[in-house]
Amino acid sequence: MQFSTWIRQHLAALRALLVLTAITGIVYPLAVFAVAQIPGLHDKADGSLIKVDDKVVGSSLIGQSFTDPDGKALVQYFQSRPSSAGSSGYDPLATAASNLGPESIVDTLDADPANVKLSLLSTVCARSKEVGDREGVDGGRPFCTKDGVGAVLSVIGPRDADGEVSHPTQVVSINEACPTTPFLATYKGVQVECAKPGEDYAAGRIVPIFGDAPVDTPVPTDAVTASGSGLDPHISPRYADIQVARIAKARSISADQVRQLVDAHTTGRTLGFLGEPRVNVVELNLDLDQRYPFRG
């Protein structure tokens with residue numbers, strides 16, 4: 001009797017397994033596939049692919065780098081956000097962020113350039129300077145030197161009760177390798193020194209210097225920081241706006257013509273209140289090529 005009950009229970013479990021397998025493994029996937037073929041949904045279901053002359057050139061959901069083989073920005077294109085996905089960025093098979101946080105402010109300096117590792121602060125500073133130089137705006141940011149590295153000092157000396165160093169014996173600009181002239185001449189009456197590659201200045205109190213750059217810098221945050229996935233195809237309207245003059249000059253068209261295309265590829269907040277307005281760089285650059293081909 002017990003053996004018979006055991007058989008019935010296992011047969012019931014087997015039937016449940018077969019039914020659920022058929023529903024979740026066959027019926028449901030086929031239903032989803034069928035719905036995805038409905039006009040208006042088909043393109044999105046296939047990955048929102050973008051085609052030019054029946055050739056796939058990208059996806060409206062995945063960003064691209066518009067640079068030359070050396071990584072230099074192509075002047076005729078709007079530039080995307082920085083990307084940490086893969087060695088050259090925007091690699092869908094290596095989606096990732098840098099994993100550096102706000103406390104990453106000290107560079108690793110070395111005589112061998114291959115061993116130099118920039119902090120998040122210096123990375124942002126360098127990007128901001130590069131964007132500012134390229135777009136003809138002020139790329140200065142708080143806590144950044146004018147040369148585009150983190151403005152950070154190691155203040156060495158006896159510590160006060162609260163951990164401060166009121167009377168330093170040595171002050172080093174730890175992100176500026178010798179023989180560079182430090183961004184600050186003196187600090188608390190002590191001459192600021194450049195950093196010697198390979199030296200450890202962790203014994204000092206690490207002090208970031210705000211500087212005199214405006215908080216509301218012309219170079220927006222999305223121009224100097226990567227997205228979490230490294231694949232974001234969008235930039236802010238503010239970042240697009242500072243690129244308009246360069247694009248217009250490179251393609252020999254008016255700034256108003258460029259702005260009209262930017263507006264056409266700008267999406268507002270999702271549902272009217274989620275997220276921020278955004279510009280799809282991939283679609284915008286393709287539209288530029290089709291309407292105003294680069295003659296350079």
# chains A, B, ... in the order shown; residues from 1 in each chain; ligands from 1
call {"tool": "residues_around", "arguments": {"residues": "region 89-98 of chain A", "least_positions_apart": "5", "cutoff": "6 Å", "atoms": "only C-alpha atoms", "output": "list in words"}}
result
Gln64, Ser83, Ser84, Gly228, Ser229, Gly230 and Leu231 of chain A
call {"tool": "closest_atom_pairs", "arguments": {"of": "region 201-237 of chain A", "to": "region 140-155 of chain A", "cutoff": "6 Å", "atoms": "only C-alpha atoms", "output": "CSV"}}
result
residue,atom,partner,partner_atom,distance
A:Gly204,CA,A:Val155,CA,4.9
A:Arg205,CA,A:Val155,CA,4.9
A:Ile206,CA,A:Ser154,CA,4.7
A:Val207,CA,A:Leu153,CA,5.1
A:Pro208,CA,A:Val152,CA,4.2
A:Ile209,CA,A:Phe143,CA,5.3
A:Phe210,CA,A:Phe143,CA,4.4
A:Gly211,CA,A:Pro142,CA,5.8
A:Ala213,CA,A:Arg141,CA,5.2
call {"tool": "residues_around", "arguments": {"residues": "Phe66 (chain A)", "least_positions_apart": "5", "cutoff": "7 Å", "atoms": "only C-alpha atoms", "output": "list in words"}}
result
Ala73, Leu74, Tyr77 and Gln79 of chain A
call {"tool": "residues_around", "arguments": {"residues": "region 163-168 of chain A", "least_positions_apart": "4", "cutoff": "8 Å", "atoms": "only C-alpha atoms", "output": "PDB file with N, CA and C atoms, in the first residue's frame"}}
result
ATOM      1  N   VAL A 155      49.874  66.529   3.442  1.00  0.00           N
ATOM      2  CA  VAL A 155      50.396  67.474   4.430  1.00  0.00           C
ATOM      3  C   VAL A 155      51.033  66.669   5.560  1.00  0.00           C
ATOM      4  N   ILE A 156      52.350  66.739   5.633  1.00  0.00           N
ATOM      5  CA  ILE A 156      53.116  65.898   6.550  1.00  0.00           C
ATOM      6  C   ILE A 156      53.599  66.726   7.740  1.00  0.00           C
ATOM      7  N   GLY A 157      53.427  66.157   8.914  1.00  0.00           N
ATOM      8  CA  GLY A 157      53.851  66.843  10.134  1.00  0.00           C
ATOM      9  C   GLY A 157      53.114  66.275  11.330  1.00  0.00           C
ATOM     10  N   PRO A 158      53.408  66.806  12.515  1.00  0.00           N
ATOM     11  CA  PRO A 158      52.736  66.306  13.726  1.00  0.00           C
ATOM     12  C   PRO A 158      51.234  66.574  13.679  1.00  0.00           C
ATOM     13  N   ARG A 159      50.467  65.581  14.104  1.00  0.00           N
ATOM     14  CA  ARG A 159      49.008  65.695  14.084  1.00  0.00           C
ATOM     15  C   ARG A 159      48.500  66.370  15.357  1.00  0.00           C
ATOM     16  N   LYS A 188      49.999  76.716   4.159  1.00  0.00           N
ATOM     17  CA  LYS A 188      50.268  76.989   5.577  1.00  0.00           C
ATOM     18  C   LYS A 188      51.725  77.386   5.796  1.00  0.00           C
ATOM     19  N   VAL A 190      54.355  76.634   4.088  1.00  0.00           N
ATOM     20  CA  VAL A 190      55.367  75.657   3.666  1.00  0.00           C
ATOM     21  C   VAL A 190      55.320  75.522   2.153  1.00  0.00           C
ATOM     22  N   ARG A 205      48.520  63.915   5.918  1.00  0.00           N
ATOM     23  CA  ARG A 205      47.075  64.091   5.837  1.00  0.00           C
ATOM     24  C   ARG A 205      46.731  64.467   4.395  1.00  0.00           C
TER      25      ARG A 205
END
call {"tool": "closest_residue", "arguments": {"among": "A:Leu271, A:Ala250, A:Val262, A:Ile174", "to": "Arg238 (chain A)", "atoms": "only C-alpha atoms"}}
result
A:Val262
call {"tool": "select_by_dssp", "arguments": {"residues": "region 113-209 of chain A", "states": "strand (DSSP E)", "output": "PyMOL selection string"}}
result
chain A and resi 152-156+170-177+186-187+190-195+205-208
